[in-house]
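Structure file work11.txt (compact mmCIF, C-alpha atoms) is printed below.
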```txt
# COMPACT_ATOMS: atom_id res chain seq x y z
CA MET A 1 0.00 0.00 0.00
CA ASN A 2 1.55 3.32 -1.08
CA ALA A 3 1.32 6.60 0.81
CA ALA A 4 -1.80 7.81 -1.05
CA GLU A 5 -3.64 4.54 -0.47
CA ASN A 6 -2.64 4.59 3.18
CA TYR A 7 -4.07 8.09 3.51
CA ILE A 8 -7.34 6.96 1.89
CA LYS A 9 -7.61 3.94 4.17
CA THR A 10 -6.92 6.02 7.26
CA ARG A 11 -9.62 8.53 6.37
CA LEU A 12 -12.17 5.79 5.66
CA ASP A 13 -11.32 3.99 8.88
CA GLN A 14 -11.81 7.24 10.77
CA ARG A 15 -15.21 7.74 9.18
CA ARG A 16 -16.26 4.22 10.16
CA GLN A 17 -15.09 4.87 13.70
CA ASP A 18 -17.09 8.11 13.81
CA GLY A 19 -20.20 6.27 12.63
CA GLY A 20 -20.56 8.34 9.48
CA TYR A 21 -19.34 5.90 6.82
CA ARG A 22 -21.37 6.08 3.61
CA SER A 23 -22.08 3.29 1.13
CA LEU A 24 -24.26 2.88 -1.95
CA LYS A 25 -27.40 0.78 -1.82
CA PRO A 26 -29.45 -0.47 -4.81
CA GLU A 27 -33.22 -0.12 -5.06
CA ASN A 28 -35.43 -2.16 -2.76
CA ASN A 29 -39.05 -3.18 -2.31
CA LEU A 30 -39.67 -1.05 0.76
CA VAL A 31 -42.37 1.64 0.92
CA ASP A 32 -40.73 4.84 -0.31
CA PHE A 33 -40.25 7.42 2.42
CA CYS A 34 -36.80 8.61 1.35
CA SER A 35 -36.91 9.83 -2.26
CA ASN A 36 -37.47 13.41 -3.41
CA ASP A 37 -40.14 12.27 -5.89
CA TYR A 38 -42.83 14.21 -4.04
CA LEU A 39 -45.51 14.15 -6.76
CA GLY A 40 -44.61 10.76 -8.23
CA PHE A 41 -43.37 12.16 -11.56
CA ALA A 42 -40.33 9.85 -11.61
CA ARG A 43 -42.69 6.85 -11.76
CA SER A 44 -45.47 8.51 -13.76
CA ALA A 45 -46.83 6.59 -16.76
CA VAL A 46 -48.39 9.85 -17.96
CA LEU A 47 -44.99 11.54 -17.99
CA GLN A 48 -43.46 8.55 -19.80
CA HIS A 49 -46.15 8.84 -22.49
CA MET A 50 -45.63 12.60 -22.84
CA LEU A 51 -41.87 12.05 -23.15
CA ALA A 52 -42.30 9.35 -25.81
CA GLU A 53 -44.45 11.72 -27.87
CA GLU A 54 -41.96 14.56 -27.43
CA ILE A 55 -39.08 12.40 -28.65
CA GLU A 56 -41.12 11.08 -31.58
CA ASN A 57 -42.02 14.63 -32.61
CA HIS A 58 -38.40 15.82 -32.41
CA PRO A 59 -35.95 13.28 -33.89
CA HIS A 60 -32.57 14.28 -32.52
CA LEU A 61 -29.02 13.22 -31.82
CA ASN A 62 -28.47 11.03 -28.76
CA GLY A 63 -25.86 13.41 -27.38
CA ALA A 64 -25.46 17.19 -27.41
CA THR A 65 -22.05 16.88 -29.20
CA GLY A 66 -20.40 19.69 -27.26
CA SER A 67 -20.82 22.62 -24.89
CA ARG A 68 -23.57 25.10 -25.66
CA LEU A 69 -21.01 27.70 -26.68
CA ILE A 70 -19.64 25.39 -29.39
CA SER A 71 -22.03 22.84 -30.90
CA GLY A 72 -24.45 21.94 -28.12
CA ASN A 73 -26.95 24.80 -28.33
CA THR A 74 -30.34 24.38 -30.04
CA VAL A 75 -33.50 26.38 -30.65
CA TYR A 76 -35.30 23.71 -28.58
CA THR A 77 -33.05 24.48 -25.58
CA GLU A 78 -33.57 28.22 -25.78
CA ASP A 79 -37.33 27.83 -26.24
CA LEU A 80 -37.44 25.58 -23.17
CA GLU A 81 -35.53 28.14 -21.10
CA GLN A 82 -38.02 30.84 -22.03
CA GLU A 83 -41.01 28.55 -21.46
CA ILE A 84 -39.81 27.79 -17.91
CA ALA A 85 -39.00 31.45 -17.25
CA ASP A 86 -42.49 32.50 -18.36
CA LEU A 87 -44.08 29.82 -16.15
CA PHE A 88 -42.22 31.15 -13.11
CA GLY A 89 -42.77 34.83 -13.93
CA ALA A 90 -39.10 35.52 -14.69
CA GLU A 91 -37.60 37.51 -17.55
CA ALA A 92 -35.09 34.83 -18.53
CA GLY A 93 -33.42 31.60 -17.48
CA LEU A 94 -30.29 29.58 -18.16
CA LEU A 95 -30.28 25.79 -18.04
CA PHE A 96 -27.56 23.88 -16.18
CA ASN A 97 -26.92 20.14 -16.23
CA SER A 98 -27.69 19.76 -12.52
CA GLY A 99 -28.65 21.74 -9.45
CA TYR A 100 -25.09 21.40 -8.21
CA ASP A 101 -23.78 22.93 -11.45
CA ALA A 102 -26.30 25.77 -11.24
CA ASN A 103 -25.43 26.74 -7.68
CA LEU A 104 -21.72 26.36 -8.30
CA GLY A 105 -21.83 28.45 -11.47
CA LEU A 106 -23.97 31.22 -10.01
CA LEU A 107 -22.12 31.80 -6.74
CA SER A 108 -18.59 31.20 -8.02
CA SER A 109 -18.93 33.71 -10.86
CA LEU A 110 -21.17 36.48 -9.57
CA PRO A 111 -19.64 37.84 -6.31
CA GLN A 112 -16.15 39.29 -6.73
CA ARG A 113 -13.28 40.20 -4.43
CA GLY A 114 -14.51 42.92 -2.07
CA ASP A 115 -18.15 41.80 -2.34
CA THR A 116 -20.02 39.93 0.40
CA ILE A 117 -21.97 36.66 0.42
CA ILE A 118 -24.21 36.07 3.45
CA THR A 119 -25.75 32.61 3.63
CA ASP A 120 -28.10 30.79 5.95
CA GLU A 121 -26.01 28.36 7.98
CA LEU A 122 -28.00 25.37 6.66
CA ILE A 123 -27.86 25.97 2.90
CA HIS A 124 -27.10 23.24 0.37
CA ALA A 125 -23.51 22.01 0.07
CA SER A 126 -23.52 23.10 -3.57
CA LEU A 127 -24.20 26.70 -2.54
CA ILE A 128 -21.42 26.50 0.05
CA ASP A 129 -19.01 25.17 -2.57
CA GLY A 130 -19.97 27.91 -5.03
CA ALA A 131 -19.41 30.61 -2.42
CA ARG A 132 -16.03 29.13 -1.50
CA LEU A 133 -14.90 29.37 -5.11
CA SER A 134 -15.65 33.09 -5.24
CA HIS A 135 -13.20 35.67 -3.92
CA ALA A 136 -15.92 37.43 -1.92
CA ASN A 137 -16.12 37.84 1.84
CA ARG A 138 -18.30 35.03 3.24
CA TYR A 139 -20.49 35.07 6.32
CA THR A 140 -23.29 32.87 7.65
CA PHE A 141 -26.31 33.84 9.71
CA LYS A 142 -28.25 31.70 12.17
CA HIS A 143 -30.85 29.52 10.51
CA ASN A 144 -33.91 31.60 9.49
CA ASP A 145 -32.89 34.27 12.01
CA LEU A 146 -33.49 37.76 10.60
CA ALA A 147 -31.82 39.52 13.53
CA SER A 148 -28.67 37.49 12.89
CA LEU A 149 -28.89 38.31 9.18
CA GLU A 150 -29.20 42.03 9.87
CA THR A 151 -26.10 41.96 12.05
CA LYS A 152 -24.15 40.53 9.11
CA LEU A 153 -25.72 42.99 6.66
CA GLN A 154 -24.61 45.92 8.81
CA ASN A 155 -20.97 44.90 8.33
CA ALA A 156 -21.17 43.86 4.67
CA LYS A 157 -19.08 45.54 1.97
CA GLY A 158 -19.26 45.83 -1.80
CA LEU A 159 -22.10 44.17 -3.63
CA ILE A 160 -24.07 42.03 -1.18
CA TYR A 161 -25.70 38.67 -1.95
CA VAL A 162 -27.92 36.94 0.60
CA VAL A 163 -28.54 33.24 -0.07
CA THR A 164 -31.29 31.06 1.35
CA GLU A 165 -33.59 28.17 0.43
CA SER A 166 -37.38 28.37 0.23
CA ILE A 167 -37.62 24.87 1.77
CA PHE A 168 -34.52 23.55 3.51
CA SER A 169 -33.45 20.11 2.38
CA MET A 170 -32.55 18.65 5.77
CA ASP A 171 -35.10 20.41 8.01
CA GLY A 172 -38.04 20.94 5.65
CA ASP A 173 -38.77 24.39 7.09
CA SER A 174 -38.93 27.77 5.35
CA PRO A 175 -37.68 31.31 5.97
CA LYS A 176 -40.00 34.31 6.18
CA LEU A 177 -39.22 35.40 2.64
CA GLU A 178 -41.26 38.61 2.64
CA ALA A 179 -39.57 39.87 5.80
CA MET A 180 -36.18 38.74 4.49
CA LEU A 181 -36.74 40.66 1.27
CA ALA A 182 -37.67 43.80 3.17
CA LEU A 183 -34.43 43.47 5.12
CA THR A 184 -32.21 42.82 2.11
CA GLU A 185 -33.78 45.75 0.25
CA LYS A 186 -33.11 47.99 3.26
CA TYR A 187 -29.39 47.25 2.85
CA GLN A 188 -29.47 47.16 -0.97
CA ALA A 189 -28.58 43.48 -0.94
CA ASN A 190 -29.52 40.94 -3.60
CA LEU A 191 -31.55 37.90 -2.52
CA ILE A 192 -30.85 34.49 -4.11
CA VAL A 193 -33.33 31.69 -3.35
CA ASP A 194 -32.77 27.99 -3.99
CA GLU A 195 -36.23 26.51 -4.65
CA ALA A 196 -35.10 22.90 -5.12
CA HIS A 197 -37.52 21.37 -2.59
CA ALA A 198 -40.40 23.81 -3.04
CA VAL A 199 -41.31 23.22 -6.69
CA GLY A 200 -44.15 20.74 -6.78
CA LEU A 201 -45.59 21.22 -3.31
CA TYR A 202 -46.03 24.91 -4.18
CA LYS A 203 -46.32 24.20 -7.92
CA THR A 204 -43.95 26.91 -9.18
CA GLY A 205 -42.25 27.49 -5.83
CA ILE A 206 -42.76 29.70 -2.81
CA VAL A 207 -41.35 32.87 -4.38
CA SER A 208 -43.99 32.82 -7.12
CA ASN A 209 -46.66 31.69 -4.66
CA LEU A 210 -45.99 34.83 -2.58
CA GLY A 211 -45.78 37.08 -5.66
CA LEU A 212 -42.17 38.03 -4.92
CA GLN A 213 -40.62 37.03 -8.26
CA ASP A 214 -39.93 40.62 -9.37
CA ARG A 215 -38.01 41.40 -6.17
CA VAL A 216 -35.83 38.30 -5.86
CA PHE A 217 -32.50 38.69 -7.67
CA ALA A 218 -32.16 35.05 -8.73
CA ARG A 219 -33.88 31.71 -8.20
CA VAL A 220 -32.44 28.26 -8.69
CA ILE A 221 -35.03 25.71 -9.82
CA THR A 222 -33.89 22.09 -9.90
CA PHE A 223 -35.68 19.29 -11.73
CA GLY A 224 -34.61 16.25 -9.71
CA LYS A 225 -37.08 16.56 -6.83
CA GLY A 226 -40.74 17.35 -7.42
CA LEU A 227 -40.32 17.20 -11.20
CA GLY A 228 -38.89 13.69 -11.13
CA CYS A 229 -36.19 14.24 -13.77
CA HIS A 230 -32.77 15.94 -13.94
CA GLY A 231 -31.23 19.35 -14.53
CA ALA A 232 -31.72 22.90 -13.26
CA ILE A 233 -32.31 26.46 -14.33
CA VAL A 234 -31.21 29.82 -12.90
CA LEU A 235 -34.00 32.38 -13.26
CA GLY A 236 -33.50 36.13 -13.27
CA THR A 237 -33.08 38.95 -15.74
CA ASN A 238 -31.76 38.58 -19.26
CA LEU A 239 -28.72 40.54 -18.09
CA LEU A 240 -27.98 37.87 -15.49
CA ARG A 241 -28.44 35.15 -18.12
CA GLN A 242 -25.90 36.77 -20.42
CA TYR A 243 -23.46 37.20 -17.54
CA LEU A 244 -23.66 33.51 -16.61
CA ILE A 245 -23.15 32.49 -20.24
CA ASN A 246 -19.91 34.46 -20.17
CA TYR A 247 -18.60 33.73 -16.67
CA ALA A 248 -20.17 30.62 -15.11
CA ARG A 249 -17.51 27.94 -15.56
CA SER A 250 -19.87 25.04 -14.78
CA PHE A 251 -21.94 26.20 -17.77
CA ILE A 252 -19.12 27.10 -20.15
CA TYR A 253 -16.84 24.10 -19.74
CA THR A 254 -19.21 21.16 -19.89
CA THR A 255 -21.03 19.23 -22.58
CA ALA A 256 -24.63 20.39 -22.89
CA ALA A 257 -27.50 18.21 -21.67
CA PRO A 258 -28.67 15.62 -24.22
CA PHE A 259 -32.04 16.02 -25.92
CA HIS A 260 -33.64 13.28 -23.81
CA GLN A 261 -32.92 15.24 -20.63
CA LEU A 262 -34.37 18.43 -22.11
CA ALA A 263 -37.46 16.66 -23.43
CA THR A 264 -38.07 15.04 -20.03
CA ALA A 265 -37.84 18.41 -18.29
CA LYS A 266 -40.19 20.02 -20.81
CA SER A 267 -42.73 17.23 -20.37
CA ALA A 268 -42.45 17.42 -16.59
CA PHE A 269 -43.09 21.16 -16.50
CA ARG A 270 -46.14 20.74 -18.70
CA LEU A 271 -47.43 17.92 -16.51
CA LEU A 272 -46.88 20.10 -13.44
CA GLN A 273 -49.41 22.61 -14.76
CA THR A 274 -52.16 19.96 -14.65
CA SER A 275 -51.16 18.34 -11.33
CA ASP A 276 -53.44 20.08 -8.84
CA LEU A 277 -54.86 16.71 -7.75
CA GLN A 278 -51.41 15.31 -6.92
CA ILE A 279 -50.49 18.49 -5.04
CA ASP A 280 -53.71 18.25 -3.02
CA GLU A 281 -52.95 14.60 -2.24
CA LEU A 282 -49.46 15.50 -1.08
CA ASN A 283 -50.82 18.15 1.27
CA LYS A 284 -53.28 15.62 2.72
CA VAL A 285 -50.43 13.15 3.29
CA ILE A 286 -48.38 15.80 5.10
CA GLU A 287 -51.36 16.77 7.28
CA LEU A 288 -52.08 13.13 8.17
CA PHE A 289 -48.47 12.39 9.13
CA LYS A 290 -48.20 15.45 11.37
CA LYS A 291 -51.56 14.65 12.96
CA THR A 292 -50.63 11.02 13.67
CA ILE A 293 -47.05 11.35 14.86
CA ALA A 294 -46.73 11.63 18.66
CA THR A 295 -43.17 12.92 18.74
CA LYS A 296 -43.67 16.65 19.25
CA SER A 297 -41.37 19.65 19.42
CA GLY A 298 -39.79 19.86 22.86
CA SER A 299 -39.84 16.13 23.52
CA GLU A 300 -36.65 14.08 23.83
CA TYR A 301 -36.81 13.21 20.14
CA ALA A 302 -38.12 16.35 18.48
CA LEU A 303 -40.09 16.53 15.26
CA ILE A 304 -38.74 19.57 13.41
CA ASP A 305 -41.48 22.10 12.65
CA SER A 306 -42.20 21.73 8.92
CA ASP A 307 -45.23 22.05 6.64
CA SER A 308 -43.36 20.56 3.69
CA ALA A 309 -42.92 17.04 2.35
CA ILE A 310 -39.70 16.78 4.39
CA GLN A 311 -40.35 15.71 7.98
CA CYS A 312 -37.41 15.08 10.32
CA ILE A 313 -37.07 13.66 13.81
CA LEU A 314 -33.93 14.69 15.68
CA LEU A 315 -32.19 11.75 17.37
CA LYS A 316 -29.01 13.63 18.26
CA ASN A 317 -26.39 10.98 17.46
CA ASN A 318 -25.41 8.79 14.54
CA ASP A 319 -25.94 5.47 16.31
CA LYS A 320 -29.51 6.27 17.38
CA ALA A 321 -30.36 7.58 13.91
CA LYS A 322 -28.95 4.50 12.21
CA ALA A 323 -30.67 2.11 14.62
CA THR A 324 -34.03 3.83 14.18
CA ALA A 325 -33.76 3.80 10.40
CA ALA A 326 -32.74 0.13 10.42
CA HIS A 327 -35.75 -0.75 12.61
CA LEU A 328 -38.16 1.04 10.28
CA GLN A 329 -36.59 -0.58 7.21
CA ALA A 330 -37.04 -3.99 8.84
CA LYS A 331 -40.74 -3.12 9.17
CA GLY A 332 -40.94 -2.35 5.43
CA PHE A 333 -40.46 1.44 5.37
CA ASP A 334 -37.59 3.01 3.42
CA VAL A 335 -36.59 5.70 5.90
CA ARG A 336 -32.97 6.88 5.94
CA ALA A 337 -30.73 8.20 8.67
CA ILE A 338 -29.05 11.55 8.07
CA LEU A 339 -25.72 11.54 9.85
CA SER A 340 -23.04 14.04 10.76
CA PRO A 341 -21.12 15.51 9.01
CA THR A 342 -23.99 15.87 6.48
CA VAL A 343 -25.81 17.61 9.35
CA ALA A 344 -24.17 19.24 12.34
CA GLU A 345 -23.02 16.98 15.16
CA GLY A 346 -25.84 16.63 17.65
CA SER A 347 -28.55 17.12 15.03
CA GLU A 348 -28.45 13.64 13.50
CA ARG A 349 -31.90 12.46 12.48
CA ILE A 350 -34.20 10.31 10.45
CA ARG A 351 -35.54 12.17 7.42
CA ILE A 352 -38.99 11.17 6.19
CA CYS A 353 -39.95 12.27 2.68
CA LEU A 354 -43.67 12.18 1.99
CA HIS A 355 -45.27 11.69 -1.42
CA ALA A 356 -48.61 12.08 -3.13
CA TYR A 357 -48.60 8.32 -3.76
CA ASN A 358 -48.13 7.29 -0.11
CA THR A 359 -51.43 5.83 1.11
CA ALA A 360 -53.21 6.73 4.34
CA ASP A 361 -52.52 3.22 5.66
CA GLU A 362 -48.79 3.56 4.91
CA ILE A 363 -48.63 6.93 6.68
CA THR A 364 -50.52 5.67 9.74
CA LEU A 365 -48.44 2.50 10.04
CA LEU A 366 -45.18 4.44 9.73
CA ALA A 367 -46.20 7.06 12.28
CA ASN A 368 -47.35 4.40 14.73
CA GLN A 369 -44.06 2.51 14.37
CA ILE A 370 -42.15 5.71 15.13
CA ASN A 371 -44.45 6.52 18.07
CA HIS A 372 -43.89 3.06 19.56
CA LEU A 373 -40.15 3.05 18.97
CA LEU A 374 -39.34 6.49 20.34
CA ASN A 375 -41.94 6.86 23.08
CA GLU A 376 -42.00 3.37 24.62
```
Translate the structure of the given file into structure tokens.
Amino acid sequence: MNAAENYIKTRLDQRRQDGGYRSLKPENNLVDFCSNDYLGFARSAVLQHMLAEEIENHPHLNGATGSRLISGNTVYTEDLEQEIADLFGAEAGLLFNSGYDANLGLLSSLPQRGDTIITDELIHASLIDGARLSHANRYTFKHNDLASLETKLQNAKGLIYVVTESIFSMDGDSPKLEAMLALTEKYQANLIVDEAHAVGLYKTGIVSNLGLQDRVFARVITFGKGLGCHGAIVLGTNLLRQYLINYARSFIYTTAAPFHQLATAKSAFRLLQTSDLQIDELNKVIELFKKTIATKSGSEYALIDSDSAIQCILLKNNDKAKATAAHLQAKGFDVRAILSPTVAEGSERIRICLHAYNTADEITLLANQINHLLNE
């Protein structure tokens, strides 16, 4: 074993010892309470049919053949960008191959040396990585805490960018976006909102739902959660779109998405517009789970306050989280443990993702299993 391999082994051994070792698992036959497929689009026969028609109507190359700045750009791609932008009430949008690419490209290229990025302490890793790649001053504020944010705004320099999520991926809660906008506007800061986990439950996201789209500087909409496919788009002004085309390295230096990915996204967005029934079902599922679960805020094992499809119970250490998830999996429910360092030490949890296709019986059985396990 050479020095590099020894380093790798040591790091992996340390992670096992800490209880945070990760491994890949194939699909299973358990009841799905872990995927981000909130509306069931990833398994939708209707979406499959729409996609088949879209492909049949647009014979195309299998691959994009190059980056969009060389050979990978098409009229179809640009029309899709504008169609999505119009749906969300934005002037323009720029497609990225993934949500990670979108967040990385936006935050690594936009703020410059002397500028300031202020982020919620619980934002996506991709947003953190993008901010790290910029040369801007970086600060975090306490989760959803406007007083903490204002303290950071008072000391900010240069152009200021405040970054948050409309639904947080690991807690499922939301910031008070209207109050946050009022605060950022007071300090002439630009608000960037990642809407990855909001699209679907709130149809076109919380920003649009609140009518704030003309005041938010940029939104990141990803397709791999409620839309059941893959990719992302940054929404904003046409000026922002042109800037990202010229400076976002994760856009410039990568092969464009293949036609199949674009056609799937287009079909998913069109299906979303006729999915009121699925959205209603999802809201009923969320209400039933919260009504049935006995683990309340303030108890030893706290249910995080959330009205979204993401419901989390804090178990406060990796071993307890893993044991609880394993017990529920043995009972037929695909619930996953979220361990440190993915979440902060002491906030380890089980994360329960609810879906429009989860039945009332499944919800009740899961909640009762959790009630028995954690409150016996």
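Of the listed residues A:Gly72, A:Gly231, A:Gly20, A:Gly99, the one whose atoms come nearest to Glu195 in chain A is A:Gly99, with distances taken using only C-alpha atoms.
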Once 8 Å is added on each side, what centre and edge lengths in Å to one decimal does the axis-aligned box around all listed atoms of range 167-178 of chain A have, as JSON?
```
{"center_x": -36.9, "center_y": 28.6, "center_z": 4.9, "size_x": 24.7, "size_y": 36.0, "size_z": 22.2}
```
message = Please list, as a ChimeraX atom specification, the residues that have an atom at most 7 Å away from (-36.5, 30.3, -12.1) in the coordinates of this file, counting only C-alpha atoms.
response = /A:85,88,90,93,219-221,233-236
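Counting all atoms listed in the file, the residue from A:Thr292, A:Asn318, A:Thr237, A:Thr274 that sits nearest to Asn368 in chain A is A:Thr292.
Every protein, DNA or RNA residue with an atom at most 9 Å from Ile118 in chain A, where all atoms listed in the file count and chain neighbours fewer than 2 positions away do not, is listed here: Thr116, Asp120, Asn137, Arg138, Tyr139, Thr140, Phe141, Leu149, Lys152, Leu153, Ala156, Ile160, Tyr161, Val162, Val163 and Thr164 of chain A.
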Would you output that residue set with C-alpha atoms, as a PDB file, in the frame of the given file?
```
ATOM      1  CA  THR A 116     -20.020  39.930   0.400  1.00  0.00           C
ATOM      2  CA  ASP A 120     -28.100  30.790   5.950  1.00  0.00           C
ATOM      3  CA  ASN A 137     -16.120  37.840   1.840  1.00  0.00           C
ATOM      4  CA  ARG A 138     -18.300  35.030   3.240  1.00  0.00           C
ATOM      5  CA  TYR A 139     -20.490  35.070   6.320  1.00  0.00           C
ATOM      6  CA  THR A 140     -23.290  32.870   7.650  1.00  0.00           C
ATOM      7  CA  PHE A 141     -26.310  33.840   9.710  1.00  0.00           C
ATOM      8  CA  LEU A 149     -28.890  38.310   9.180  1.00  0.00           C
ATOM      9  CA  LYS A 152     -24.150  40.530   9.110  1.00  0.00           C
ATOM     10  CA  LEU A 153     -25.720  42.990   6.660  1.00  0.00           C
ATOM     11  CA  ALA A 156     -21.170  43.860   4.670  1.00  0.00           C
ATOM     12  CA  ILE A 160     -24.070  42.030  -1.180  1.00  0.00           C
ATOM     13  CA  TYR A 161     -25.700  38.670  -1.950  1.00  0.00           C
ATOM     14  CA  VAL A 162     -27.920  36.940   0.600  1.00  0.00           C
ATOM     15  CA  VAL A 163     -28.540  33.240  -0.070  1.00  0.00           C
ATOM     16  CA  THR A 164     -31.290  31.060   1.350  1.00  0.00           C
TER      17      THR A 164
END
```
key: Local residues around (-29.1, 46.6, 3.5), at most 10 Å away, using all atoms listed in the file, as a VMD selection string   = chain A and resid 150 152 to 156 160 181 to 190
Those same residues - C-alpha atoms - I'd like them written as a CSV table (one decimal), keeping the file's coordinate frame.
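Written file, again21.csv:
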```csv
chain,number,residue,atom,x,y,z
A,150,GLU,CA,-29.2,42.0,9.9
A,152,LYS,CA,-24.2,40.5,9.1
A,153,LEU,CA,-25.7,43.0,6.7
A,154,GLN,CA,-24.6,45.9,8.8
A,155,ASN,CA,-21.0,44.9,8.3
A,156,ALA,CA,-21.2,43.9,4.7
A,160,ILE,CA,-24.1,42.0,-1.2
A,181,LEU,CA,-36.7,40.7,1.3
A,182,ALA,CA,-37.7,43.8,3.2
A,183,LEU,CA,-34.4,43.5,5.1
A,184,THR,CA,-32.2,42.8,2.1
A,185,GLU,CA,-33.8,45.8,0.2
A,186,LYS,CA,-33.1,48.0,3.3
A,187,TYR,CA,-29.4,47.2,2.8
A,188,GLN,CA,-29.5,47.2,-1.0
A,189,ALA,CA,-28.6,43.5,-0.9
A,190,ASN,CA,-29.5,40.9,-3.6
```
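Those residues that approach Leu314 in chain A to within 9 Å, counting only C-alpha atoms, are Glu300, Tyr301, Ala302, Leu303, Ile304, Asn317, Ala321, Gly346, Ser347, Glu348, Arg349, Ile350 and Arg351 of chain A; same-chain residues fewer than 3 positions away are not listed.
Counting all atoms listed in the file and comparing A:Phe217, A:Phe33, A:Tyr253, A:Tyr357, the residue that lies closest to Ala325 in chain A is A:Phe33.
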key: Glu287 in chain A surroundings by all atoms listed in the file, 10 Å radius, close-in-sequence under 4 positions cut, as a PyMOL selection string   = chain A and resi 281-283+291-292+307-309
